[in-house]
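The data block below is run36.cif; it holds mmCIF, N, CA and C atoms.
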data_coords
loop_
_atom_site.label_atom_id
_atom_site.label_comp_id
_atom_site.auth_asym_id
_atom_site.auth_seq_id
_atom_site.Cartn_x
_atom_site.Cartn_y
_atom_site.Cartn_z
N HIS A 1 80.81 71.51 -105.85
CA HIS A 1 82.18 71.97 -105.83
C HIS A 1 83.10 70.83 -105.45
N VAL A 2 84.18 70.66 -106.21
CA VAL A 2 85.14 69.59 -105.97
C VAL A 2 86.42 70.18 -105.42
N GLN A 3 86.87 69.65 -104.32
CA GLN A 3 88.17 70.04 -103.79
C GLN A 3 89.19 68.97 -104.13
N LEU A 4 90.35 69.41 -104.59
CA LEU A 4 91.42 68.51 -105.01
C LEU A 4 92.66 68.77 -104.17
N VAL A 5 93.25 67.70 -103.66
CA VAL A 5 94.45 67.83 -102.84
C VAL A 5 95.51 66.89 -103.38
N GLU A 6 96.64 67.47 -103.79
CA GLU A 6 97.75 66.68 -104.32
C GLU A 6 98.74 66.32 -103.23
N SER A 7 99.47 65.24 -103.46
CA SER A 7 100.56 64.83 -102.58
C SER A 7 101.54 64.00 -103.38
N GLY A 8 102.71 63.74 -102.78
CA GLY A 8 103.67 62.85 -103.40
C GLY A 8 104.86 63.52 -104.04
N GLY A 9 104.86 64.84 -104.09
CA GLY A 9 106.00 65.52 -104.67
C GLY A 9 107.23 65.41 -103.78
N GLY A 10 108.36 65.85 -104.32
CA GLY A 10 109.59 65.82 -103.55
C GLY A 10 110.78 66.05 -104.44
N SER A 11 111.95 65.80 -103.90
CA SER A 11 113.20 65.96 -104.63
C SER A 11 113.76 64.58 -104.97
N VAL A 12 114.23 64.44 -106.20
CA VAL A 12 114.73 63.16 -106.65
C VAL A 12 115.85 63.39 -107.66
N GLN A 13 116.75 62.44 -107.75
CA GLN A 13 117.81 62.54 -108.74
C GLN A 13 117.30 62.12 -110.11
N ALA A 14 117.97 62.64 -111.13
CA ALA A 14 117.61 62.27 -112.49
C ALA A 14 117.63 60.75 -112.66
N GLY A 15 116.61 60.25 -113.35
CA GLY A 15 116.45 58.83 -113.53
C GLY A 15 115.56 58.18 -112.50
N GLY A 16 115.25 58.90 -111.46
CA GLY A 16 114.42 58.38 -110.39
C GLY A 16 112.94 58.41 -110.70
N SER A 17 112.15 58.02 -109.71
CA SER A 17 110.69 57.92 -109.88
C SER A 17 109.97 58.60 -108.71
N LEU A 18 108.79 59.09 -109.01
CA LEU A 18 107.87 59.60 -108.01
C LEU A 18 106.45 59.22 -108.42
N ARG A 19 105.59 59.10 -107.43
CA ARG A 19 104.18 58.85 -107.72
C ARG A 19 103.36 59.94 -107.04
N LEU A 20 102.66 60.71 -107.85
CA LEU A 20 101.80 61.77 -107.33
C LEU A 20 100.38 61.25 -107.16
N ALA A 21 99.70 61.78 -106.17
CA ALA A 21 98.31 61.42 -105.95
C ALA A 21 97.48 62.69 -105.81
N CYS A 22 96.23 62.60 -106.20
CA CYS A 22 95.28 63.71 -106.07
C CYS A 22 93.97 63.12 -105.59
N VAL A 23 93.54 63.57 -104.42
CA VAL A 23 92.30 63.07 -103.85
C VAL A 23 91.20 64.11 -104.04
N ALA A 24 90.07 63.65 -104.55
CA ALA A 24 88.93 64.54 -104.79
C ALA A 24 87.90 64.38 -103.68
N SER A 25 87.31 65.50 -103.28
CA SER A 25 86.38 65.48 -102.16
C SER A 25 84.98 65.05 -102.57
N ASP A 26 84.67 65.15 -103.85
CA ASP A 26 83.31 64.94 -104.31
C ASP A 26 83.02 63.46 -104.53
N ASN A 27 81.96 62.97 -103.95
CA ASN A 27 81.61 61.57 -104.13
C ASN A 27 81.10 61.27 -105.53
N THR A 28 80.85 62.32 -106.31
CA THR A 28 80.45 62.11 -107.70
C THR A 28 81.65 62.29 -108.62
N TYR A 29 82.81 61.89 -108.15
CA TYR A 29 84.08 62.05 -108.85
C TYR A 29 84.08 61.41 -110.23
N SER A 30 83.42 60.28 -110.37
CA SER A 30 83.58 59.48 -111.58
C SER A 30 83.13 60.18 -112.86
N PRO A 31 82.16 61.10 -112.86
CA PRO A 31 81.80 61.75 -114.13
C PRO A 31 82.84 62.75 -114.62
N TYR A 32 83.81 63.09 -113.79
CA TYR A 32 84.76 64.12 -114.19
C TYR A 32 85.90 63.54 -115.02
N CYS A 33 86.32 64.32 -116.00
CA CYS A 33 87.57 64.06 -116.69
C CYS A 33 88.66 64.76 -115.90
N MET A 34 89.79 64.12 -115.76
CA MET A 34 90.84 64.59 -114.89
C MET A 34 92.13 64.83 -115.67
N GLY A 35 92.93 65.74 -115.14
CA GLY A 35 94.20 66.00 -115.81
C GLY A 35 95.28 66.39 -114.83
N TRP A 36 96.51 66.14 -115.22
CA TRP A 36 97.69 66.65 -114.51
C TRP A 36 98.31 67.74 -115.38
N PHE A 37 98.68 68.82 -114.72
CA PHE A 37 99.36 69.92 -115.36
C PHE A 37 100.62 70.22 -114.56
N ARG A 38 101.52 70.98 -115.17
CA ARG A 38 102.71 71.40 -114.43
C ARG A 38 103.11 72.80 -114.85
N GLN A 39 103.74 73.48 -113.91
CA GLN A 39 104.24 74.82 -114.18
C GLN A 39 105.69 74.90 -113.75
N PRO A 40 106.61 74.85 -114.71
CA PRO A 40 108.03 74.99 -114.38
C PRO A 40 108.32 76.40 -113.89
N PRO A 41 109.42 76.59 -113.18
CA PRO A 41 109.77 77.92 -112.68
C PRO A 41 109.90 78.92 -113.82
N GLY A 42 109.18 80.02 -113.73
CA GLY A 42 109.27 81.08 -114.71
C GLY A 42 108.63 80.79 -116.05
N LYS A 43 107.88 79.70 -116.12
CA LYS A 43 107.26 79.33 -117.39
C LYS A 43 105.75 79.18 -117.22
N GLU A 44 105.07 79.05 -118.35
CA GLU A 44 103.62 78.89 -118.32
C GLU A 44 103.23 77.46 -117.96
N ARG A 45 102.02 77.33 -117.47
CA ARG A 45 101.49 76.02 -117.15
C ARG A 45 101.28 75.20 -118.43
N GLU A 46 101.56 73.91 -118.34
CA GLU A 46 101.40 73.04 -119.50
C GLU A 46 100.70 71.75 -119.10
N ALA A 47 99.98 71.18 -120.04
CA ALA A 47 99.30 69.92 -119.79
C ALA A 47 100.30 68.78 -119.82
N VAL A 48 100.14 67.84 -118.91
CA VAL A 48 101.02 66.68 -118.81
C VAL A 48 100.30 65.42 -119.27
N ALA A 49 99.13 65.17 -118.70
CA ALA A 49 98.38 63.95 -119.02
C ALA A 49 96.93 64.15 -118.64
N SER A 50 96.06 63.38 -119.27
CA SER A 50 94.64 63.45 -118.94
C SER A 50 94.03 62.06 -119.02
N ILE A 51 92.89 61.92 -118.35
CA ILE A 51 92.18 60.65 -118.35
C ILE A 51 90.69 60.92 -118.27
N ASP A 52 89.92 60.26 -119.11
CA ASP A 52 88.49 60.50 -119.06
C ASP A 52 87.82 59.45 -118.16
N ARG A 53 86.50 59.49 -118.11
CA ARG A 53 85.79 58.61 -117.17
C ARG A 53 85.82 57.15 -117.60
N PHE A 54 86.25 56.91 -118.85
CA PHE A 54 86.39 55.53 -119.32
C PHE A 54 87.85 55.08 -119.29
N ALA A 55 88.69 55.92 -118.66
CA ALA A 55 90.12 55.63 -118.50
C ALA A 55 90.92 55.75 -119.78
N ALA A 56 90.38 56.43 -120.78
CA ALA A 56 91.18 56.75 -121.96
C ALA A 56 92.16 57.87 -121.60
N THR A 57 93.40 57.74 -122.03
CA THR A 57 94.45 58.65 -121.59
C THR A 57 95.11 59.39 -122.76
N THR A 58 95.64 60.54 -122.44
CA THR A 58 96.48 61.29 -123.37
C THR A 58 97.70 61.79 -122.62
N TYR A 59 98.79 61.97 -123.34
CA TYR A 59 100.05 62.42 -122.72
C TYR A 59 100.71 63.48 -123.59
N ALA A 60 101.40 64.38 -122.92
CA ALA A 60 102.27 65.30 -123.65
C ALA A 60 103.43 64.50 -124.23
N ASP A 61 103.92 64.94 -125.37
CA ASP A 61 105.03 64.22 -126.02
C ASP A 61 106.24 64.11 -125.10
N SER A 62 106.45 65.13 -124.29
CA SER A 62 107.64 65.17 -123.44
C SER A 62 107.64 64.12 -122.33
N VAL A 63 106.48 63.58 -122.00
CA VAL A 63 106.40 62.60 -120.91
C VAL A 63 105.91 61.23 -121.39
N ASN A 64 105.48 61.14 -122.62
CA ASN A 64 104.93 59.89 -123.15
C ASN A 64 105.96 58.77 -123.04
N GLY A 65 105.55 57.66 -122.46
CA GLY A 65 106.46 56.54 -122.27
C GLY A 65 107.16 56.55 -120.93
N ARG A 66 107.11 57.67 -120.22
CA ARG A 66 107.75 57.77 -118.90
C ARG A 66 106.72 57.93 -117.78
N PHE A 67 105.63 58.64 -118.07
CA PHE A 67 104.61 58.90 -117.06
C PHE A 67 103.37 58.08 -117.37
N THR A 68 102.65 57.70 -116.30
CA THR A 68 101.40 56.97 -116.45
C THR A 68 100.34 57.58 -115.54
N ILE A 69 99.23 57.98 -116.14
CA ILE A 69 98.12 58.53 -115.37
C ILE A 69 97.09 57.42 -115.14
N SER A 70 96.48 57.43 -113.96
CA SER A 70 95.45 56.43 -113.65
C SER A 70 94.46 57.04 -112.67
N ARG A 71 93.33 56.39 -112.55
CA ARG A 71 92.32 56.89 -111.63
C ARG A 71 91.64 55.73 -110.92
N ASP A 72 91.17 55.99 -109.70
CA ASP A 72 90.42 55.03 -108.93
C ASP A 72 89.10 55.70 -108.56
N ASN A 73 88.04 55.29 -109.21
CA ASN A 73 86.75 55.95 -109.00
C ASN A 73 86.09 55.56 -107.68
N VAL A 74 86.58 54.51 -107.05
CA VAL A 74 86.06 54.12 -105.74
C VAL A 74 86.69 54.99 -104.65
N GLU A 75 88.00 55.19 -104.77
CA GLU A 75 88.72 55.98 -103.77
C GLU A 75 88.78 57.46 -104.14
N ASN A 76 88.17 57.84 -105.28
CA ASN A 76 88.20 59.25 -105.73
C ASN A 76 89.63 59.76 -105.84
N THR A 77 90.50 58.95 -106.42
CA THR A 77 91.92 59.31 -106.47
C THR A 77 92.45 59.27 -107.89
N LEU A 78 93.24 60.27 -108.20
CA LEU A 78 93.96 60.36 -109.46
C LEU A 78 95.43 60.21 -109.16
N SER A 79 96.14 59.45 -109.99
CA SER A 79 97.56 59.23 -109.76
C SER A 79 98.38 59.56 -111.00
N LEU A 80 99.65 59.86 -110.77
CA LEU A 80 100.60 60.06 -111.86
C LEU A 80 101.90 59.38 -111.47
N GLN A 81 102.19 58.26 -112.10
CA GLN A 81 103.45 57.56 -111.90
C GLN A 81 104.48 58.15 -112.85
N MET A 82 105.57 58.67 -112.28
CA MET A 82 106.59 59.33 -113.09
C MET A 82 107.89 58.55 -112.96
N ASN A 83 108.34 57.99 -114.06
CA ASN A 83 109.59 57.25 -114.10
C ASN A 83 110.59 57.96 -115.01
N GLY A 84 111.84 57.64 -114.86
CA GLY A 84 112.85 58.24 -115.71
C GLY A 84 112.86 59.76 -115.66
N LEU A 85 112.74 60.30 -114.46
CA LEU A 85 112.62 61.74 -114.31
C LEU A 85 113.87 62.46 -114.79
N LYS A 86 113.63 63.63 -115.38
CA LYS A 86 114.69 64.47 -115.92
C LYS A 86 114.64 65.84 -115.23
N PRO A 87 115.75 66.56 -115.24
CA PRO A 87 115.73 67.90 -114.62
C PRO A 87 114.65 68.81 -115.21
N GLU A 88 114.35 68.65 -116.49
CA GLU A 88 113.33 69.48 -117.11
C GLU A 88 111.91 69.12 -116.66
N ASP A 89 111.76 68.06 -115.87
CA ASP A 89 110.46 67.74 -115.28
C ASP A 89 110.21 68.53 -114.00
N THR A 90 111.21 69.28 -113.54
CA THR A 90 111.06 70.09 -112.35
C THR A 90 109.94 71.10 -112.55
N ALA A 91 108.96 71.09 -111.64
CA ALA A 91 107.80 71.97 -111.77
C ALA A 91 106.87 71.79 -110.58
N LEU A 92 105.91 72.69 -110.49
CA LEU A 92 104.78 72.51 -109.60
C LEU A 92 103.73 71.72 -110.38
N TYR A 93 103.34 70.57 -109.84
CA TYR A 93 102.38 69.70 -110.51
C TYR A 93 101.00 69.89 -109.88
N LEU A 94 100.01 70.10 -110.74
CA LEU A 94 98.65 70.34 -110.28
C LEU A 94 97.69 69.36 -110.93
N CYS A 95 96.71 68.92 -110.18
CA CYS A 95 95.64 68.13 -110.78
C CYS A 95 94.43 69.03 -110.98
N ALA A 96 93.60 68.66 -111.93
CA ALA A 96 92.45 69.46 -112.28
C ALA A 96 91.32 68.56 -112.75
N ALA A 97 90.10 69.09 -112.65
CA ALA A 97 88.91 68.33 -113.03
C ALA A 97 87.99 69.17 -113.90
N ARG A 98 87.36 68.52 -114.84
CA ARG A 98 86.34 69.19 -115.66
C ARG A 98 85.21 68.19 -115.89
N LEU A 99 84.04 68.70 -116.13
CA LEU A 99 82.94 67.83 -116.51
C LEU A 99 83.21 67.31 -117.91
N CYS A 100 83.17 66.01 -118.08
CA CYS A 100 83.41 65.44 -119.40
C CYS A 100 82.37 65.99 -120.37
N GLY A 101 82.84 66.38 -121.53
CA GLY A 101 81.96 67.01 -122.51
C GLY A 101 82.13 68.51 -122.55
N PHE A 102 82.78 69.05 -121.55
CA PHE A 102 83.09 70.48 -121.51
C PHE A 102 84.60 70.64 -121.51
N PRO A 103 85.13 71.61 -122.25
CA PRO A 103 86.58 71.69 -122.44
C PRO A 103 87.36 72.29 -121.28
N GLU A 104 86.72 73.07 -120.47
CA GLU A 104 87.46 73.85 -119.48
C GLU A 104 87.59 73.11 -118.15
N TYR A 105 88.83 73.07 -117.64
CA TYR A 105 89.05 72.55 -116.29
C TYR A 105 88.63 73.62 -115.30
N VAL A 106 87.73 73.25 -114.41
CA VAL A 106 87.16 74.26 -113.52
C VAL A 106 87.57 74.08 -112.07
N TYR A 107 88.08 72.92 -111.72
CA TYR A 107 88.53 72.67 -110.35
C TYR A 107 90.03 72.37 -110.38
N TRP A 108 90.75 73.01 -109.48
CA TRP A 108 92.21 72.88 -109.44
C TRP A 108 92.68 72.65 -108.01
N GLY A 109 93.71 71.82 -107.89
CA GLY A 109 94.38 71.69 -106.61
C GLY A 109 95.43 72.77 -106.43
N GLN A 110 96.07 72.75 -105.28
CA GLN A 110 97.10 73.74 -104.97
C GLN A 110 98.47 73.36 -105.53
N GLY A 111 98.64 72.09 -105.83
CA GLY A 111 99.89 71.66 -106.44
C GLY A 111 100.85 71.01 -105.47
N THR A 112 101.75 70.23 -106.03
CA THR A 112 102.82 69.60 -105.26
C THR A 112 104.11 69.75 -106.06
N GLN A 113 105.18 70.13 -105.37
CA GLN A 113 106.44 70.48 -106.05
C GLN A 113 107.26 69.22 -106.35
N VAL A 114 107.75 69.13 -107.56
CA VAL A 114 108.67 68.07 -107.96
C VAL A 114 109.97 68.73 -108.41
N THR A 115 111.07 68.30 -107.81
CA THR A 115 112.39 68.84 -108.16
C THR A 115 113.30 67.69 -108.54
N VAL A 116 113.86 67.76 -109.73
CA VAL A 116 114.75 66.72 -110.23
C VAL A 116 116.13 67.33 -110.46
N SER A 117 117.13 66.73 -109.85
CA SER A 117 118.49 67.28 -109.98
C SER A 117 119.46 66.26 -110.57
#
Could you express the structure from this file as structure tokens?
Amino acid sequence: HVQLVESGGGSVQAGGSLRLACVASDNTYSPYCMGWFRQPPGKEREAVASIDRFAATTYADSVNGRFTISRDNVENTLSLQMNGLKPEDTALYLCAARLCGFPEYVYWGQGTQVTVS
């Protein structure tokens, strides 16, 4: 079982930056594919970015070029650098893990709130 804890959220003005972090409890973190998701107020959860164990990344069109996902397999940490933030980026951001080769994310953090005004 992997426990995920996010941090780094907060309130920022449009155009600003935030860096989110997600720490995984499992020392076997490296086999997992990781992702960032977000849930805006009153809306469904959506995928933001993902990274596999070889550091190959994917991004939602809405954040491509502004957000960067990365991972540190030594520190068991997933990061999301968010630049050029817009009000529509306001959401609860969650990190998640799945075993690479399987489609479903099975481990989820509690989330960290990002508010852009």
Query raised in the report: Pick the closest to A:Val116 from A:Val12, A:Ala56, A:Leu99, A:Leu94: which is it, counting all atoms listed in the file?
Result: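 Result for the nearest residue to A:Val116: A:Val12.
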Query raised in the report: Of the residues A:Val74, A:Ala14, A:Leu20, A:Ile51, which is the one nearest to A:Gly35, using only C-alpha atoms?
Result: A:Ile51
Where is the centre and how long are the edges: axis-aligned box on stretch 52-58 of chain A, 8 Å on each side, Å to one decimal, as AutoDock Vina command-line options:
--center_x 91.7 --center_y 58.4 --center_z -120.3 --size_x 27.9 --size_y 22.7 --size_z 22.2
Apply the PyMOL selection byres ((chain A and resi 83) around 6.5) to the displayed file and report the matching residues as a compact mmCIF listing (two decimals) with N, CA and C atoms, in the coordinates of the input.
# COMPACT_ATOMS: atom_id res chain seq x y z
N GLY A 15 116.61 60.25 -113.35
CA GLY A 15 116.45 58.83 -113.53
C GLY A 15 115.56 58.18 -112.50
N GLY A 16 115.25 58.90 -111.46
CA GLY A 16 114.42 58.38 -110.39
C GLY A 16 112.94 58.41 -110.70
N SER A 17 112.15 58.02 -109.71
CA SER A 17 110.69 57.92 -109.88
C SER A 17 109.97 58.60 -108.71
N LEU A 18 108.79 59.09 -109.01
CA LEU A 18 107.87 59.60 -108.01
C LEU A 18 106.45 59.22 -108.42
N ARG A 66 107.11 57.67 -120.22
CA ARG A 66 107.75 57.77 -118.90
C ARG A 66 106.72 57.93 -117.78
N PHE A 67 105.63 58.64 -118.07
CA PHE A 67 104.61 58.90 -117.06
C PHE A 67 103.37 58.08 -117.37
N THR A 68 102.65 57.70 -116.30
CA THR A 68 101.40 56.97 -116.45
C THR A 68 100.34 57.58 -115.54
N GLN A 81 102.19 58.26 -112.10
CA GLN A 81 103.45 57.56 -111.90
C GLN A 81 104.48 58.15 -112.85
N MET A 82 105.57 58.67 -112.28
CA MET A 82 106.59 59.33 -113.09
C MET A 82 107.89 58.55 -112.96
N GLY A 84 111.84 57.64 -114.86
CA GLY A 84 112.85 58.24 -115.71
C GLY A 84 112.86 59.76 -115.66
N LEU A 85 112.74 60.30 -114.46
CA LEU A 85 112.62 61.74 -114.31
C LEU A 85 113.87 62.46 -114.79
N LYS A 86 113.63 63.63 -115.38
CA LYS A 86 114.69 64.47 -115.92
C LYS A 86 114.64 65.84 -115.23
For A:Ser25: contacts at 7 Å, all atoms listed in the file, fewer than 4 positions along chain excluded, given as a short mmCIF file (atom, residue, chain, number, x, y, z; two decimals) with N, CA and C atoms, in the coordinates of the input:
data_model
loop_
_atom_site.label_atom_id
_atom_site.label_comp_id
_atom_site.auth_asym_id
_atom_site.auth_seq_id
_atom_site.Cartn_x
_atom_site.Cartn_y
_atom_site.Cartn_z
N HIS A 1 80.81 71.51 -105.85
CA HIS A 1 82.18 71.97 -105.83
C HIS A 1 83.10 70.83 -105.45
N VAL A 2 84.18 70.66 -106.21
CA VAL A 2 85.14 69.59 -105.97
C VAL A 2 86.42 70.18 -105.42
N GLN A 3 86.87 69.65 -104.32
CA GLN A 3 88.17 70.04 -103.79
C GLN A 3 89.19 68.97 -104.13
N LEU A 4 90.35 69.41 -104.59
CA LEU A 4 91.42 68.51 -105.01
C LEU A 4 92.66 68.77 -104.17
N VAL A 5 93.25 67.70 -103.66
CA VAL A 5 94.45 67.83 -102.84
C VAL A 5 95.51 66.89 -103.38
N TYR A 29 82.81 61.89 -108.15
CA TYR A 29 84.08 62.05 -108.85
C TYR A 29 84.08 61.41 -110.23
N ASN A 76 88.17 57.84 -105.28
CA ASN A 76 88.20 59.25 -105.73
C ASN A 76 89.63 59.76 -105.84
#
Write out as a compact mmCIF listing (two decimals) with N, CA and C atoms, in the coordinates of the input the set of residues from stretch 44-112 of chain A that DSSP, computed on the backbone, places in strand (DSSP E or B).
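Saved to part26.txt:
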# COMPACT_ATOMS: atom_id res chain seq x y z
N GLU A 46 101.56 73.91 -118.34
CA GLU A 46 101.40 73.04 -119.50
C GLU A 46 100.70 71.75 -119.10
N ALA A 47 99.98 71.18 -120.04
CA ALA A 47 99.30 69.92 -119.79
C ALA A 47 100.30 68.78 -119.82
N VAL A 48 100.14 67.84 -118.91
CA VAL A 48 101.02 66.68 -118.81
C VAL A 48 100.30 65.42 -119.27
N ALA A 49 99.13 65.17 -118.70
CA ALA A 49 98.38 63.95 -119.02
C ALA A 49 96.93 64.15 -118.64
N SER A 50 96.06 63.38 -119.27
CA SER A 50 94.64 63.45 -118.94
C SER A 50 94.03 62.06 -119.02
N ILE A 51 92.89 61.92 -118.35
CA ILE A 51 92.18 60.65 -118.35
C ILE A 51 90.69 60.92 -118.27
N THR A 57 93.40 57.74 -122.03
CA THR A 57 94.45 58.65 -121.59
C THR A 57 95.11 59.39 -122.76
N THR A 58 95.64 60.54 -122.44
CA THR A 58 96.48 61.29 -123.37
C THR A 58 97.70 61.79 -122.62
N TYR A 59 98.79 61.97 -123.34
CA TYR A 59 100.05 62.42 -122.72
C TYR A 59 100.71 63.48 -123.59
N ASN A 64 105.48 61.14 -122.62
CA ASN A 64 104.93 59.89 -123.15
C ASN A 64 105.96 58.77 -123.04
N PHE A 67 105.63 58.64 -118.07
CA PHE A 67 104.61 58.90 -117.06
C PHE A 67 103.37 58.08 -117.37
N THR A 68 102.65 57.70 -116.30
CA THR A 68 101.40 56.97 -116.45
C THR A 68 100.34 57.58 -115.54
N ILE A 69 99.23 57.98 -116.14
CA ILE A 69 98.12 58.53 -115.37
C ILE A 69 97.09 57.42 -115.14
N SER A 70 96.48 57.43 -113.96
CA SER A 70 95.45 56.43 -113.65
C SER A 70 94.46 57.04 -112.67
N ARG A 71 93.33 56.39 -112.55
CA ARG A 71 92.32 56.89 -111.63
C ARG A 71 91.64 55.73 -110.92
N ASP A 72 91.17 55.99 -109.70
CA ASP A 72 90.42 55.03 -108.93
C ASP A 72 89.10 55.70 -108.56
N THR A 77 90.50 58.95 -106.42
CA THR A 77 91.92 59.31 -106.47
C THR A 77 92.45 59.27 -107.89
N LEU A 78 93.24 60.27 -108.20
CA LEU A 78 93.96 60.36 -109.46
C LEU A 78 95.43 60.21 -109.16
N SER A 79 96.14 59.45 -109.99
CA SER A 79 97.56 59.23 -109.76
C SER A 79 98.38 59.56 -111.00
N LEU A 80 99.65 59.86 -110.77
CA LEU A 80 100.60 60.06 -111.86
C LEU A 80 101.90 59.38 -111.47
N GLN A 81 102.19 58.26 -112.10
CA GLN A 81 103.45 57.56 -111.90
C GLN A 81 104.48 58.15 -112.85
N MET A 82 105.57 58.67 -112.28
CA MET A 82 106.59 59.33 -113.09
C MET A 82 107.89 58.55 -112.96
N ALA A 91 108.96 71.09 -111.64
CA ALA A 91 107.80 71.97 -111.77
C ALA A 91 106.87 71.79 -110.58
N LEU A 92 105.91 72.69 -110.49
CA LEU A 92 104.78 72.51 -109.60
C LEU A 92 103.73 71.72 -110.38
N TYR A 93 103.34 70.57 -109.84
CA TYR A 93 102.38 69.70 -110.51
C TYR A 93 101.00 69.89 -109.88
N LEU A 94 100.01 70.10 -110.74
CA LEU A 94 98.65 70.34 -110.28
C LEU A 94 97.69 69.36 -110.93
N CYS A 95 96.71 68.92 -110.18
CA CYS A 95 95.64 68.13 -110.78
C CYS A 95 94.43 69.03 -110.98
N ALA A 96 93.60 68.66 -111.93
CA ALA A 96 92.45 69.46 -112.28
C ALA A 96 91.32 68.56 -112.75
N ALA A 97 90.10 69.09 -112.65
CA ALA A 97 88.91 68.33 -113.03
C ALA A 97 87.99 69.17 -113.90
N ARG A 98 87.36 68.52 -114.84
CA ARG A 98 86.34 69.19 -115.66
C ARG A 98 85.21 68.19 -115.89
N LEU A 99 84.04 68.70 -116.13
CA LEU A 99 82.94 67.83 -116.51
C LEU A 99 83.21 67.31 -117.91
N TYR A 107 88.08 72.92 -111.72
CA TYR A 107 88.53 72.67 -110.35
C TYR A 107 90.03 72.37 -110.38
N TRP A 108 90.75 73.01 -109.48
CA TRP A 108 92.21 72.88 -109.44
C TRP A 108 92.68 72.65 -108.01
N THR A 112 101.75 70.23 -106.03
CA THR A 112 102.82 69.60 -105.26
C THR A 112 104.11 69.75 -106.06
Requested in this report: With the file shown as input, list the residues that the PyMOL selection byres ((chain A and resi 31-33) around 7) selects, as a PyMOL selection string.
Outcome: chain A and resi 28-30+34-35+50-53+96-101
**Report entry** Interatomic distance, atom CA of A:Pro40 to atom CA of A:Ser117 (Å, one decimal)
**Finding:**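 Distance between the two atoms: 13.7 Å.
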Query raised in the report: Neighbours of A:Gly42 within 12 Å (only C-alpha atoms; same-chain residues fewer than 4 positions away dropped), as a PyMOL selection string?
Result: chain A and resi 38+90-92
Go ahead and dump the residues you just picked, N, CA and C atoms, as a PDB file, in the coordinates of the input.
ATOM      1  N   ARG A  38     101.520  70.980-115.170  1.00  0.00           N
ATOM      2  CA  ARG A  38     102.710  71.400-114.430  1.00  0.00           C
ATOM      3  C   ARG A  38     103.110  72.800-114.850  1.00  0.00           C
ATOM      4  N   THR A  90     111.210  69.280-113.540  1.00  0.00           N
ATOM      5  CA  THR A  90     111.060  70.090-112.350  1.00  0.00           C
ATOM      6  C   THR A  90     109.940  71.100-112.550  1.00  0.00           C
ATOM      7  N   ALA A  91     108.960  71.090-111.640  1.00  0.00           N
ATOM      8  CA  ALA A  91     107.800  71.970-111.770  1.00  0.00           C
ATOM      9  C   ALA A  91     106.870  71.790-110.580  1.00  0.00           C
ATOM     10  N   LEU A  92     105.910  72.690-110.490  1.00  0.00           N
ATOM     11  CA  LEU A  92     104.780  72.510-109.600  1.00  0.00           C
ATOM     12  C   LEU A  92     103.730  71.720-110.380  1.00  0.00           C
TER      13      LEU A  92
END
Report task. Could you check how far atom C of A:Arg71 sits from atom N of A:Pro41, in Å to one decimal? Result ->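 It comes out at 27.5 Å.
Atom N of A:Asp26 sits 10.4 Å away from atom C of A:Asn73.
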Query raised in the report: Using only C-alpha atoms, which residue out of A:Thr57, A:Asn64, A:Thr77, A:Gln110 lies closest to A:Ala21?
Result: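 The closest residue to A:Ala21 is A:Thr77.
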Query - 6 Å contact set for A:Val48, only N, CA and C atoms, chain neighbours under 4 positions out, as a VMD selection string - result: chain A and resid 36 to 38 58 to 60
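Note on the selection: in this file the PyMOL selection byres ((chain A and resi 112) around 8) comes out as Val5, Glu6, Ser7, Gly8, Gly9, Gly10, Ala91, Leu92, Tyr93, Leu94, Cys95, Gly109, Gln110, Gly111, Gln113, Val114 and Thr115 of chain A.
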Could you please take those selected residues and save N, CA and C atoms as a compact mmCIF listing (two decimals), in the frame of the given file?
# COMPACT_ATOMS: atom_id res chain seq x y z
N VAL A 5 93.25 67.70 -103.66
CA VAL A 5 94.45 67.83 -102.84
C VAL A 5 95.51 66.89 -103.38
N GLU A 6 96.64 67.47 -103.79
CA GLU A 6 97.75 66.68 -104.32
C GLU A 6 98.74 66.32 -103.23
N SER A 7 99.47 65.24 -103.46
CA SER A 7 100.56 64.83 -102.58
C SER A 7 101.54 64.00 -103.38
N GLY A 8 102.71 63.74 -102.78
CA GLY A 8 103.67 62.85 -103.40
C GLY A 8 104.86 63.52 -104.04
N GLY A 9 104.86 64.84 -104.09
CA GLY A 9 106.00 65.52 -104.67
C GLY A 9 107.23 65.41 -103.78
N GLY A 10 108.36 65.85 -104.32
CA GLY A 10 109.59 65.82 -103.55
C GLY A 10 110.78 66.05 -104.44
N ALA A 91 108.96 71.09 -111.64
CA ALA A 91 107.80 71.97 -111.77
C ALA A 91 106.87 71.79 -110.58
N LEU A 92 105.91 72.69 -110.49
CA LEU A 92 104.78 72.51 -109.60
C LEU A 92 103.73 71.72 -110.38
N TYR A 93 103.34 70.57 -109.84
CA TYR A 93 102.38 69.70 -110.51
C TYR A 93 101.00 69.89 -109.88
N LEU A 94 100.01 70.10 -110.74
CA LEU A 94 98.65 70.34 -110.28
C LEU A 94 97.69 69.36 -110.93
N CYS A 95 96.71 68.92 -110.18
CA CYS A 95 95.64 68.13 -110.78
C CYS A 95 94.43 69.03 -110.98
N GLY A 109 93.71 71.82 -107.89
CA GLY A 109 94.38 71.69 -106.61
C GLY A 109 95.43 72.77 -106.43
N GLN A 110 96.07 72.75 -105.28
CA GLN A 110 97.10 73.74 -104.97
C GLN A 110 98.47 73.36 -105.53
N GLY A 111 98.64 72.09 -105.83
CA GLY A 111 99.89 71.66 -106.44
C GLY A 111 100.85 71.01 -105.47
N GLN A 113 105.18 70.13 -105.37
CA GLN A 113 106.44 70.48 -106.05
C GLN A 113 107.26 69.22 -106.35
N VAL A 114 107.75 69.13 -107.56
CA VAL A 114 108.67 68.07 -107.96
C VAL A 114 109.97 68.73 -108.41
N THR A 115 111.07 68.30 -107.81
CA THR A 115 112.39 68.84 -108.16
C THR A 115 113.30 67.69 -108.54
Query raised in the report: Nearest to A:Arg19: which of A:Leu80, A:Ser70, A:Glu44, A:Ser62 is it, counting only N, CA and C atoms?
Result: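 Selected residue with least distance to A:Arg19: A:Leu80.
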